[in-house]
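S.K.: Dropping in protein_22.cif, with mmCIF, C-alpha atoms.
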data_input
#
loop_
_atom_site.label_atom_id
_atom_site.label_comp_id
_atom_site.auth_asym_id
_atom_site.auth_seq_id
_atom_site.Cartn_x
_atom_site.Cartn_y
_atom_site.Cartn_z
CA MET A 101 64.63 160.26 73.59
CA ARG A 102 66.74 160.50 76.67
CA THR A 103 64.83 163.48 78.02
CA GLU A 104 61.58 161.58 77.42
CA ILE A 105 62.73 158.71 79.61
CA LEU A 106 63.88 161.16 82.26
CA ASP A 107 60.49 162.88 82.05
CA ILE A 108 58.63 159.61 82.63
CA LEU A 109 60.94 158.68 85.52
CA PHE A 110 60.39 162.11 87.04
CA THR A 111 56.61 161.67 86.75
CA TYR A 112 56.82 158.38 88.66
CA LEU A 113 59.06 160.01 91.26
CA LYS A 114 56.55 162.83 91.79
CA ALA A 115 53.65 160.35 92.04
CA PHE A 116 55.63 158.28 94.56
CA ALA A 117 56.63 161.27 96.68
CA VAL A 118 53.20 162.95 96.83
CA GLY A 119 51.18 159.72 97.16
CA GLY A 120 53.57 158.37 99.77
CA GLY A 121 53.53 161.74 101.53
CA ILE A 122 49.73 161.68 101.87
CA CYS A 123 49.92 158.14 103.32
CA LEU A 124 52.72 159.29 105.63
CA ILE A 125 50.53 162.09 107.03
CA ALA A 126 47.77 159.52 107.65
CA GLN A 127 50.21 157.15 109.38
CA ILE A 128 51.48 159.93 111.65
CA ILE A 129 47.87 160.79 112.59
CA ILE A 130 47.16 157.10 113.31
CA ASN A 131 50.33 156.79 115.42
CA PHE A 132 49.52 159.75 117.65
CA THR A 133 45.73 159.41 117.93
CA ASP A 134 43.53 156.33 117.90
CA LEU A 135 41.55 157.08 114.78
CA THR A 136 40.31 153.96 113.02
CA ALA A 137 40.76 153.25 109.32
CA GLY A 138 37.19 154.28 108.51
CA LYS A 139 37.54 157.68 110.16
CA ILE A 140 40.87 158.31 108.43
CA LEU A 141 39.23 157.55 105.08
CA VAL A 142 36.33 159.94 105.76
CA TYR A 143 38.59 162.76 107.01
CA PHE A 144 40.99 162.48 104.09
CA MET A 145 38.11 162.39 101.61
CA LEU A 146 36.65 165.54 103.23
CA ALA A 147 40.08 167.17 103.16
CA GLY A 148 40.17 166.44 99.42
CA VAL A 149 36.75 168.07 98.95
CA VAL A 150 37.69 171.19 100.94
CA LEU A 151 41.09 171.61 99.29
CA THR A 152 39.51 171.21 95.85
CA ALA A 153 36.79 173.76 96.63
CA LEU A 154 39.50 176.19 97.72
CA GLY A 155 41.38 175.53 94.47
CA LEU A 156 44.41 174.04 96.21
CA TYR A 157 44.09 170.41 95.08
CA GLN A 158 43.99 171.02 91.31
CA PRO A 159 47.64 172.20 91.20
CA LEU A 160 48.65 169.12 93.20
CA VAL A 161 46.87 166.86 90.69
CA GLU A 162 48.60 168.62 87.81
CA PHE A 163 51.95 168.25 89.57
CA ALA A 164 51.74 164.69 90.86
CA GLY A 165 49.18 162.94 88.61
CA ALA A 166 48.27 159.59 90.14
CA GLY A 167 50.12 160.58 93.32
CA ALA A 168 47.24 162.96 94.07
CA THR A 169 44.31 161.11 92.46
CA VAL A 170 44.92 157.57 93.81
CA PRO A 171 44.74 158.42 97.55
CA ILE A 172 41.20 158.77 98.95
CA SER A 173 41.62 162.58 98.95
CA GLY A 174 41.55 162.17 95.15
CA PHE A 175 38.04 160.73 95.52
CA GLY A 176 37.08 163.94 97.33
CA TYR A 177 38.73 165.89 94.51
CA LEU A 178 36.59 163.97 92.02
CA LEU A 179 33.38 164.73 93.96
CA ALA A 180 34.10 168.44 94.43
CA ASN A 181 35.37 168.84 90.88
CA GLY A 182 32.20 167.24 89.49
CA ALA A 183 30.05 169.55 91.60
CA MET A 184 32.02 172.62 90.52
CA LYS A 185 31.79 171.68 86.84
CA GLY A 186 28.08 170.96 87.27
CA ALA A 187 27.51 174.34 88.91
CA GLU A 188 28.43 176.01 85.62
CA LYS A 189 25.47 174.27 83.96
CA GLY A 190 22.82 175.03 86.55
CA LEU A 191 21.22 173.96 89.82
CA PHE A 192 20.33 170.40 88.77
CA TYR A 193 23.88 169.57 87.68
CA ALA A 194 25.37 171.38 90.68
CA VAL A 195 23.54 168.91 92.94
CA THR A 196 24.04 165.76 90.86
CA GLY A 197 27.52 166.53 89.56
CA SER A 198 29.49 165.05 92.46
CA LEU A 199 27.90 161.59 92.40
CA THR A 200 28.01 161.54 88.61
CA ALA A 201 31.76 162.08 88.75
CA ALA A 202 32.19 159.43 91.43
CA SER A 203 29.85 156.90 89.79
CA ALA A 204 32.66 154.91 88.14
CA GLY A 205 34.45 154.32 91.46
CA VAL A 206 31.33 153.50 93.46
CA THR A 207 29.96 151.18 90.75
CA ALA A 208 33.30 149.39 90.43
CA ALA A 209 33.58 148.92 94.20
CA VAL A 210 30.04 147.51 94.52
CA VAL A 211 30.22 145.22 91.48
CA PHE A 212 33.68 143.81 92.20
CA ALA A 213 32.97 143.40 95.91
CA PHE A 214 29.81 141.46 95.00
CA ILE A 215 31.76 139.20 92.63
CA MET A 216 34.47 138.59 95.23
CA ALA A 217 31.81 137.75 97.82
CA LEU A 218 30.40 135.18 95.37
CA ILE A 219 33.82 133.61 94.77
CA PHE A 220 35.66 133.74 98.08
CA LYS A 221 34.87 132.51 101.55
CA SER A 222 35.91 134.49 104.62
CA ARG A 223 39.06 133.17 106.14
CA THR A 224 40.19 133.31 109.73
CA LYS A 225 42.48 136.24 110.21
CA ARG A 226 45.99 135.29 111.17
CA ASN A 227 47.72 137.82 113.36
CA MET B 45 49.75 156.89 142.62
CA THR B 46 48.18 155.06 145.49
CA GLY B 47 44.93 155.78 147.18
CA LYS B 48 41.93 153.62 147.13
CA THR B 49 39.50 155.66 145.09
CA ARG B 50 38.01 154.04 142.05
CA GLU B 51 39.54 156.70 139.80
CA ASN B 52 43.06 155.94 140.95
CA TYR B 53 42.53 152.24 140.41
CA ASN B 54 41.47 152.92 136.87
CA ARG B 55 44.37 155.25 136.24
CA ASN B 56 46.88 152.81 137.68
CA TYR B 57 45.46 150.05 135.56
CA LEU B 58 45.68 152.15 132.39
CA GLU B 59 49.30 152.98 133.18
CA TYR B 60 50.02 149.31 133.76
CA VAL B 61 48.46 148.44 130.40
CA LYS B 62 50.65 151.08 128.74
CA THR B 63 53.84 149.51 130.16
CA GLN B 64 52.80 146.12 128.78
CA ASP B 65 51.97 147.45 125.31
CA PRO B 66 54.60 146.88 122.66
CA PRO B 67 56.04 150.32 121.84
CA THR B 68 54.78 151.83 118.59
CA LYS B 69 57.60 151.82 116.07
CA HIS B 70 56.92 155.28 114.70
CA LEU B 71 59.80 155.47 112.26
CA LYS B 72 59.36 152.01 110.78
CA ASN B 73 55.57 152.49 110.54
CA CYS B 74 55.94 155.79 108.75
CA ALA B 75 58.60 154.51 106.37
CA SER B 76 56.53 151.51 105.29
CA ALA B 77 53.38 153.64 104.94
CA PHE B 78 55.29 156.09 102.75
CA GLY B 79 56.87 153.33 100.66
CA VAL B 80 53.77 151.22 100.08
CA GLY B 81 51.50 154.24 99.55
CA GLY B 82 53.95 155.70 97.05
CA LEU B 83 54.25 152.36 95.29
CA ILE B 84 50.47 152.00 94.89
CA CYS B 85 50.37 155.52 93.40
CA CYS B 86 53.17 154.52 91.00
CA ILE B 87 51.10 151.51 89.91
CA GLY B 88 48.24 153.97 89.34
CA GLN B 89 50.56 156.15 87.28
CA PHE B 90 51.64 153.10 85.27
CA ILE B 91 47.99 152.20 84.56
CA ARG B 92 47.38 155.84 83.53
CA TYR B 93 50.28 155.69 81.06
CA SER B 94 49.17 152.34 79.64
CA LEU B 95 45.57 153.52 79.17
CA SER B 96 46.61 156.80 77.59
CA PHE B 97 48.56 154.74 75.01
CA ALA B 98 45.32 152.82 74.45
CA GLY B 99 43.70 156.13 73.49
CA LEU B 100 41.80 157.14 76.63
CA SER B 101 41.93 160.70 77.91
CA GLY B 102 40.36 163.12 80.37
CA ASP B 103 37.57 161.89 82.66
CA GLU B 104 37.49 158.51 80.93
CA LEU B 105 41.18 157.97 81.66
CA ALA B 106 40.84 158.96 85.32
CA GLY B 107 37.73 156.80 85.74
CA ALA B 108 39.20 153.72 84.06
CA THR B 109 42.38 154.03 86.15
CA SER B 110 40.45 154.02 89.42
CA VAL B 111 38.20 151.18 88.22
CA ILE B 112 41.27 149.00 87.54
CA LEU B 113 42.85 149.92 90.89
CA ILE B 114 39.58 149.14 92.67
CA PHE B 115 39.42 145.79 90.87
CA LEU B 116 42.97 144.98 92.02
CA GLY B 117 42.09 146.04 95.58
CA CYS B 118 38.98 143.83 95.60
CA LEU B 119 40.81 140.84 94.12
CA LEU B 120 43.73 141.07 96.56
CA THR B 121 41.25 141.39 99.44
CA GLY B 122 39.42 138.28 98.25
CA LEU B 123 42.69 136.37 98.01
CA GLY B 124 43.59 137.50 101.53
CA VAL B 125 46.73 139.25 100.33
CA TYR B 126 45.58 142.79 101.09
CA ASP B 127 45.21 142.13 104.82
CA ARG B 128 48.80 140.96 104.89
CA ILE B 129 49.95 144.10 103.07
CA GLY B 130 47.85 146.14 105.49
CA ARG B 131 49.49 144.65 108.54
CA TYR B 132 52.85 145.76 107.21
CA ALA B 133 51.93 149.07 105.57
CA GLY B 134 49.24 150.56 107.83
CA ALA B 135 48.02 153.84 106.33
CA GLY B 136 49.98 153.09 103.15
CA SER B 137 47.32 150.51 102.30
CA ILE B 138 44.31 152.31 103.84
CA VAL B 139 44.53 155.72 102.18
CA PRO B 140 44.91 154.76 98.49
CA ILE B 141 41.70 153.94 96.56
CA THR B 142 42.61 150.23 96.89
CA GLY B 143 42.01 150.67 100.64
CA PHE B 144 38.51 151.92 99.83
CA ALA B 145 37.99 148.80 97.71
CA ASN B 146 39.28 146.70 100.61
CA SER B 147 36.86 148.39 103.04
CA VAL B 148 33.96 147.41 100.74
CA THR B 149 35.04 143.87 99.86
CA SER B 150 36.26 142.76 103.26
CA PRO B 151 32.90 143.01 105.11
CA ALA B 152 31.05 141.77 102.00
CA ILE B 153 32.97 138.50 102.17
CA GLU B 154 33.04 138.31 105.95
CA PHE B 155 29.30 138.81 106.52
CA LYS B 156 28.19 136.52 103.71
CA THR B 157 27.41 133.97 106.41
CA GLU B 158 24.70 136.28 107.80
CA GLY B 159 22.78 136.12 104.55
CA TRP B 160 22.94 137.90 101.23
CA ILE B 161 20.71 140.85 101.99
CA TYR B 162 21.34 141.83 105.61
CA GLY B 163 24.79 140.27 105.61
CA MET B 164 26.73 140.76 102.40
CA ALA B 165 24.83 143.66 100.82
CA ALA B 166 24.10 145.73 103.92
CA LYS B 167 27.47 145.28 105.62
CA MET B 168 29.28 146.17 102.39
CA PHE B 169 28.73 149.83 103.23
CA THR B 170 29.87 149.91 106.85
CA VAL B 171 32.84 152.12 105.95
CA ALA B 172 32.09 153.02 102.33
CA GLY B 173 28.63 154.24 103.35
CA ALA B 174 30.16 156.86 105.61
CA ILE B 175 32.46 157.98 102.80
CA ILE B 176 29.58 158.23 100.32
CA VAL B 177 27.29 160.04 102.79
CA PHE B 178 29.85 162.70 103.70
CA GLY B 179 31.18 162.82 100.16
CA VAL B 180 27.79 163.42 98.54
CA PHE B 181 26.72 165.90 101.20
CA SER B 182 29.90 167.96 100.99
CA GLY B 183 29.83 167.66 97.19
CA VAL B 184 26.31 169.10 97.08
CA LEU B 185 27.38 171.93 99.41
CA VAL B 186 30.32 172.74 97.14
CA GLY B 187 28.10 172.63 94.05
CA ILE B 188 25.51 175.00 95.54
CA LEU B 189 28.23 177.33 96.86
CA TYR B 190 29.79 177.55 93.42
CA LEU B 191 26.40 178.13 91.84
CA PHE B 192 26.00 181.35 93.80
CA LEU B 193 29.62 182.52 93.52
#
Would you mind giving the structure from this file in structure tokens?

M.R.:
Amino acid sequence: MRTEILDILFTYLKAFAVGGGICLIAQIIINFTDLTAGKILVYFMLAGVVLTALGLYQPLVEFAGAGATVPISGFGYLLANGAMKGAEKGLFYAVTGSLTAASAGVTAAVVFAFIMALIFKSRTKRN
Amino acid sequence: MTGKTRENYNRNYLEYVKTQDPPTKHLKNCASAFGVGGLICCIGQFIRYSLSFAGLSGDELAGATSVILIFLGCLLTGLGVYDRIGRYAGAGSIVPITGFANSVTSPAIEFKTEGWIYGMAAKMFTVAGAIIVFGVFSGVLVGILYLFL
């Protein structure tokens, strides 16, 4: 029982360290260059795709769980992983696999953003 | 640097602007990005645990986790809370999937005034569109590469 609790705590610790670490790298890049949020998102997503294709991201996901899948690089992992799994089935699935894997995230973002736009009004940004 | 060429004027002005800028607090920035980013991932881990107790596994578990996180990101953006977190956390709120949700919801709400089609729907993808374009393109490249390997 005690080791189980320690195990769960350790899992959270790993997720915190790796997820926080990825955000830390992004913050350092933002501090020393003037990349905007959008560019950071695209670059980190592409980094996720490349690292997954090279087989380097899968071990990180197995090690850190949500710490590796929640950052946007995890979205890239999802895309590349879907494409790689699809490639085993043939050309059609190799091409469609990435969007199929990402469909849940994209659908959720579009649907919820639409609902929020129906409910909320834009507010003046306080600085 | 004196000298009355246009270039020197510009350079002097840029240097003047730099002296008036508040200094970037690197350490504090990085610490809050690390903390908030890590915390959001821990929330993701918590959702993963809860859903796995509910009987989900594999792709379904990963998908449902990100759907819930995206919902939270959208809701907090709508309530105006996410912007406040963002001001404090910087990259800690941009890089997690909730930041992706924020980048979709924020323009959707903001450009509602310009109409539903060219405002809300089109502007929704100002940032997310770039992610999807490069994501799909690189995903297709990876798929075709693996097909021939």

S.K.: Name the residues in contact with range 123-132 of chain B at a cut-off of 10 Å, using only C-alpha atoms, excluding same-chain residues fewer than 3 positions from it; report them as a list of chain:residue names.

M.R.: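 The neighbour list is A:Met216, A:Ile219, A:Phe220, A:Lys221, A:Ser222, A:Arg223, A:Thr224, A:Lys225, A:Arg226, A:Asn227, B:Lys72, B:Asn73, B:Ser76, B:Ala77, B:Val80, B:Leu116, B:Gly117, B:Cys118, B:Leu119, B:Leu120, B:Ala135, B:Gly136, B:Ser137, B:Ile138, B:Thr142, B:Gly143, B:Asn146, B:Ser150.
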
S.K.: Here's the selection I'm unsure about, the PyMOL selection byres ((chain B) within 7 of (chain A)); applied to the file above, which residues does it give, as JSON, numbers by chain?

M.R.: {"B": [70, 74, 77, 78, 79, 81, 82, 83, 85, 86, 88, 89, 107, 110, 111, 114, 115, 118, 119, 122, 134, 135, 136, 138, 139, 140, 141, 145, 148, 149, 152, 153, 154, 171, 174, 175, 179, 180, 183, 184, 186, 187, 188, 190, 191]}

S.K.: So how far away is CA of Glu104 in chain B from CA of Ala147 in chain A, in Å?

M.R.: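 One can read the CA of Ala147 in chain A to CA of Glu104 in chain B distance as 24.0 Å.
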
S.K.: Would you mind reading off the distance between CA of Ala172 in chain B and CA of Pro151 in chain B, one decimal, in Å?

M.R.: 10.4 Å

S.K.: Quote the spacing between CA of Arg92 in chain B and CA of Gln158 in chain A in Å to one decimal place.

M.R.: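 Distance reported for this atom pair: 17.4 Å.
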
S.K.: Assuming 8 Å of padding per side, give the centre and edge lengths of the axis-aligned box around every listed atom of range 138-152 of chain A, in Å to one decimal and as AutoDock Vina command-line options.

M.R.:
--center_x 38.7 --center_y 162.9 --center_z 103.0 --size_x 20.8 --size_y 33.3 --size_z 30.3

S.K.: Between B:Phe169, B:Phe181, B:Phe90, B:Tyr162, which has the minimum distance to Ser147 in chain B (counting all atoms listed in the file)?

M.R.: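 Under the stated criterion, the closest residue is B:Phe169.
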